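*Asks:* Before anything else, here's the structure in question.
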Amino acid sequence: MVRAARESHGVDDVAIATSTASGDDAVAELGADLGVRVIRGSEDDVLSRFVLARSETGADAVVRLTADCPLADPSLISKVVAVWRADPSLDYVATTLIRTLPRGLDVELVSAPALAEADAEADGYHRTHVTSYLYAGPRAFRTMGLVVQPPANDLRVTLDTVEDAAALDAMVAALGDRPPAWHEVVELLRSRSDIVDINADVKQKALAEG
């Protein structure tokens with residue numbers, strides 16, 4: 001994830017926003033070893049952790065990359081950032097508003113003012129999911145989604161289960177230990193049904209389930 005963020009264009013700073021729980025000490029130590037700023041906050045109120053990260057970095061917008069999406073594509077990150085830089089009045093830019101990419105290639109950007117508004121107003125599961133208040137909350141924000149063609153949202157490259165981990169290991173073995181381009185991931189999976197089958201039966205949780 002750190003490599004993908006560093007290889008993207010338009011991102012000024014990279015930080016790991018993890019919790020203060022002892023179980024995340026290893027994450028903080030790895031961040032220090034990589035020379036990345038580590039910001040630690042609430043384990044349960046993840047939104048507040050992102051607010052803390054924005055405050056400590058002074059960022060005008062925050063790109064959210066979650067560690068359960070380890071095949072992040074630097075070019076997708078760059079495109080999301082470029083869209084927002086072209087129109088900073090947008091509150092939220094993401095590849096997930098209309099899913100056409102495999103689940104697990106998620107890139108989200110939220111502007112600093114919108115993040116502050118979400119922090120002031122959001123409660124419940126919106127505080128766990130960080131950005132959901134911006135697209136599924138009670139009021140409208142200015143959002144823009146990026147889509148690709150042909151769609152590949154039937155594919156799964158996220159990490160939630162043992163089966164997901166096995167599938168990702170197989171993908172990395174085939175693609176190499178590097179941040180791949182999204183279309184390389186899609187092309188691999190379209191040609192390797194044996195990899196797709198590894199986690200084909202995993203069901204994604206609904207948003208409110210956490």
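Going through the structure tokens in order, the chains are called A, B, and so on, while each chain numbers its residues from 1 and the ligands are numbered from 1 in the order shown.
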Which residues are near segment 118-123 of chain A? Cut-off 9 Å, only C-alpha atoms, ignore same chain within fewer than 5 positions. Put them as a list in words.

*Replies:*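 Near segment 118-123 of chain A, the qualifying residues are Leu47, Ser48, Val51, Pro113, Thr128, Val130, Thr131, Tyr133, Leu134 and Gly137 of chain A.
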
*Asks:* According to DSSP computed on the backbone, where in chain A is there helix (DSSP H, G or I)? Give the residues as a PyMOL selection string.

*Replies:* chain A and resi 2-7+22-34+46-57+74-86+112-121+125-129+132-136+162-175+182-191+193-199+207-209

*Asks:* So which bits of segment 48-167 of chain A end up strand (DSSP E) when you DSSP the backbone, as a PyMOL selection string?

*Replies:* chain A and resi 61-64+92-94+108-111+143-145

*Asks:* If we count only C-alpha atoms, what is near segment 76-86 of chain A at a cut-off of 7 Å, once residues fewer than 6 positions away on the same chain are taken out, given as a list in words?

*Replies:*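 Listing them by chain and then by number gives Ser8, His9, Gly10, Val93, Ala94 and Val107 of chain A.
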
*Asks:* Go ahead and write the residues just picked, N, CA, C and O atoms, as a PDB file, in the first residue's frame.

*Replies:*
ATOM      1  N   SER A   8       2.201   7.015  -6.877  1.00  0.00           N
ATOM      2  CA  SER A   8       1.132   7.797  -7.508  1.00  0.00           C
ATOM      3  C   SER A   8       1.570   9.243  -7.680  1.00  0.00           C
ATOM      4  O   SER A   8       2.518   9.707  -7.047  1.00  0.00           O
ATOM      5  N   HIS A   9       0.866   9.952  -8.546  1.00  0.00           N
ATOM      6  CA  HIS A   9       1.172  11.357  -8.820  1.00  0.00           C
ATOM      7  C   HIS A   9       0.118  12.248  -8.155  1.00  0.00           C
ATOM      8  O   HIS A   9      -1.058  11.913  -8.119  1.00  0.00           O
ATOM      9  N   GLY A  10       0.569  13.369  -7.635  1.00  0.00           N
ATOM     10  CA  GLY A  10      -0.354  14.333  -7.041  1.00  0.00           C
ATOM     11  C   GLY A  10      -0.552  14.167  -5.555  1.00  0.00           C
ATOM     12  O   GLY A  10      -1.209  14.992  -4.922  1.00  0.00           O
ATOM     13  N   VAL A  93     -14.457  12.058  -4.315  1.00  0.00           N
ATOM     14  CA  VAL A  93     -14.180  11.439  -5.612  1.00  0.00           C
ATOM     15  C   VAL A  93     -13.747  10.002  -5.334  1.00  0.00           C
ATOM     16  O   VAL A  93     -12.909   9.765  -4.455  1.00  0.00           O
ATOM     17  N   ALA A  94     -14.315   9.036  -6.070  1.00  0.00           N
ATOM     18  CA  ALA A  94     -13.998   7.640  -5.758  1.00  0.00           C
ATOM     19  C   ALA A  94     -14.219   6.724  -6.945  1.00  0.00           C
ATOM     20  O   ALA A  94     -14.946   7.052  -7.885  1.00  0.00           O
ATOM     21  N   VAL A 107     -10.267   3.368  -4.410  1.00  0.00           N
ATOM     22  CA  VAL A 107      -9.567   4.625  -4.121  1.00  0.00           C
ATOM     23  C   VAL A 107     -10.631   5.673  -3.823  1.00  0.00           C
ATOM     24  O   VAL A 107     -11.559   5.854  -4.613  1.00  0.00           O
TER      25      VAL A 107
END

*Asks:* Excluding Asp154 of chain A and residues on its chain fewer than 3 positions from it, collect all residues at most 10 Å away from it, counting only C-alpha atoms, and give them as a ChimeraX atom specification.

*Replies:* /A:99-103,151,196,200

*Asks:* In Å to one decimal, how far is atom CA of Asp201 of chain A from atom CA of His129 of chain A?

*Replies:* 23.8 Å

*Asks:* How many Å lie between atom CA of Val2 of chain A and atom CA of Thr66 of chain A, rounded to one decimal?

*Replies:*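 These two atoms are separated by 10.7 Å.
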
*Asks:* Go through A:Val46, A:Val172, A:Val36, A:Trp182 one by one, measure the shortest atom-to-atom distance of each to Ser132 of chain A using only C-alpha atoms, and give the residue with the smallest value.

*Replies:*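 Closest candidate: A:Val46.
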
*Asks:* Pick from A:Ala181, A:Asp197, A:Pro138, A:Ile39: nearest to Ala167 of chain A, with only C-alpha atoms counted?

*Replies:*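 Going through A:Ala181, A:Asp197, A:Pro138, A:Ile39 one by one, the smallest distance to Ala167 of chain A is for A:Asp197.
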
*Asks:* State, in Å with one decimal place, the distance from atom CA of Ile98 of chain A to atom CA of Val185 of chain A.

*Replies:*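 Straight-line distance from atom CA of Ile98 of chain A to atom CA of Val185 of chain A works out to 18.9 Å.
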
*Asks:* Ranking A:Ala165, A:Ala173, A:Ala116, A:Leu146 by minimum distance to Arg54 of chain A and counting only C-alpha atoms, which one comes first?

*Replies:*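 Looking at the shortest contact to Arg54 of chain A, the residue is A:Ala116.
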
*Asks:* List the spatial neighbours of segment 11-28 of chain A as a list in words - criterion: any atom at most 9 Å away, only C-alpha atoms, same-chain residues fewer than 5 positions off excluded.

*Replies:*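 Those residues are Val2, Ala5, Arg6, Asp33, Val36, Arg37, Val38, Ile39, Arg40, Gly41, Ser42, Glu43, Asp44, Val46, Arg49, Phe50, Leu52, Ala53, Thr57, Ala59, Val63, Ile77, Ser78 and Val81 of chain A.
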
*Asks:* Go ahead and save the picked residues with N, CA, C and O atoms, as a compact mmCIF listing (two decimals), in the first residue's frame.

*Replies:*
# COMPACT_ATOMS: atom_id res chain seq x y z
N VAL A 2 1.91 1.23 0.80
CA VAL A 2 2.81 2.39 0.86
C VAL A 2 3.50 2.60 -0.49
O VAL A 2 3.61 3.73 -0.97
N ALA A 5 1.02 4.14 -2.94
CA ALA A 5 0.78 5.57 -2.65
C ALA A 5 1.97 6.41 -3.08
O ALA A 5 1.81 7.50 -3.65
N ARG A 6 3.17 5.91 -2.81
CA ARG A 6 4.37 6.68 -3.16
C ARG A 6 4.57 6.78 -4.66
O ARG A 6 5.16 7.75 -5.15
N ASP A 33 9.78 1.73 10.01
CA ASP A 33 10.84 1.12 9.21
C ASP A 33 10.82 1.60 7.77
O ASP A 33 11.87 1.72 7.12
N VAL A 36 7.62 6.16 6.98
CA VAL A 36 6.33 6.78 6.74
C VAL A 36 5.79 7.34 8.04
O VAL A 36 5.93 6.72 9.10
N ARG A 37 5.18 8.51 7.96
CA ARG A 37 4.54 9.09 9.14
C ARG A 37 3.45 8.15 9.64
O ARG A 37 2.62 7.68 8.87
N VAL A 38 3.44 7.87 10.92
CA VAL A 38 2.44 7.01 11.53
C VAL A 38 1.58 7.84 12.49
O VAL A 38 2.12 8.51 13.38
N ILE A 39 0.27 7.81 12.30
CA ILE A 39 -0.67 8.57 13.12
C ILE A 39 -1.61 7.56 13.77
O ILE A 39 -2.23 6.74 13.08
N ARG A 40 -1.71 7.61 15.09
CA ARG A 40 -2.49 6.61 15.81
C ARG A 40 -3.66 7.27 16.53
O ARG A 40 -3.51 8.32 17.15
N GLY A 41 -4.82 6.63 16.42
CA GLY A 41 -6.03 7.17 17.05
C GLY A 41 -6.96 6.05 17.45
O GLY A 41 -6.54 4.92 17.68
N SER A 42 -8.25 6.37 17.50
CA SER A 42 -9.25 5.43 17.99
C SER A 42 -9.32 4.18 17.13
O SER A 42 -9.27 4.25 15.90
N GLU A 43 -9.47 3.04 17.79
CA GLU A 43 -9.62 1.78 17.06
C GLU A 43 -11.01 1.67 16.46
O GLU A 43 -11.18 1.14 15.35
N ASP A 44 -12.04 2.15 17.14
CA ASP A 44 -13.43 1.99 16.70
C ASP A 44 -13.95 3.18 15.91
O ASP A 44 -14.71 3.00 14.95
N VAL A 46 -13.10 5.22 13.42
CA VAL A 46 -12.08 5.34 12.38
C VAL A 46 -12.14 6.71 11.72
O VAL A 46 -11.12 7.27 11.31
N ARG A 49 -9.97 9.07 13.38
CA ARG A 49 -8.56 8.81 13.08
C ARG A 49 -8.15 9.52 11.80
O ARG A 49 -7.05 10.07 11.70
N PHE A 50 -9.04 9.53 10.81
CA PHE A 50 -8.74 10.24 9.57
C PHE A 50 -8.74 11.75 9.77
O PHE A 50 -7.94 12.47 9.16
N LEU A 52 -7.82 13.19 12.50
CA LEU A 52 -6.53 13.42 13.16
C LEU A 52 -5.40 13.43 12.14
O LEU A 52 -4.51 14.29 12.19
N ALA A 53 -5.43 12.50 11.21
CA ALA A 53 -4.39 12.43 10.18
C ALA A 53 -4.41 13.69 9.31
O ALA A 53 -3.35 14.24 8.98
N THR A 57 -1.25 16.39 9.15
CA THR A 57 -0.55 16.59 7.89
C THR A 57 -0.86 17.94 7.26
O THR A 57 -0.13 18.40 6.38
N ALA A 59 -3.35 18.47 5.31
CA ALA A 59 -3.78 18.17 3.94
C ALA A 59 -5.04 18.93 3.57
O ALA A 59 -5.92 19.15 4.41
N VAL A 63 -6.69 11.12 0.65
CA VAL A 63 -6.94 9.93 -0.15
C VAL A 63 -6.98 8.75 0.80
O VAL A 63 -6.04 8.51 1.55
N ILE A 77 -5.01 5.85 -8.29
CA ILE A 77 -4.84 6.89 -7.25
C ILE A 77 -4.59 8.23 -7.93
O ILE A 77 -5.20 9.25 -7.58
N SER A 78 -3.69 8.24 -8.90
CA SER A 78 -3.34 9.48 -9.59
C SER A 78 -4.54 10.09 -10.30
O SER A 78 -4.73 11.32 -10.29
N VAL A 81 -6.96 11.71 -7.75
CA VAL A 81 -6.39 12.98 -7.28
C VAL A 81 -6.50 14.04 -8.38
O VAL A 81 -6.85 15.20 -8.11
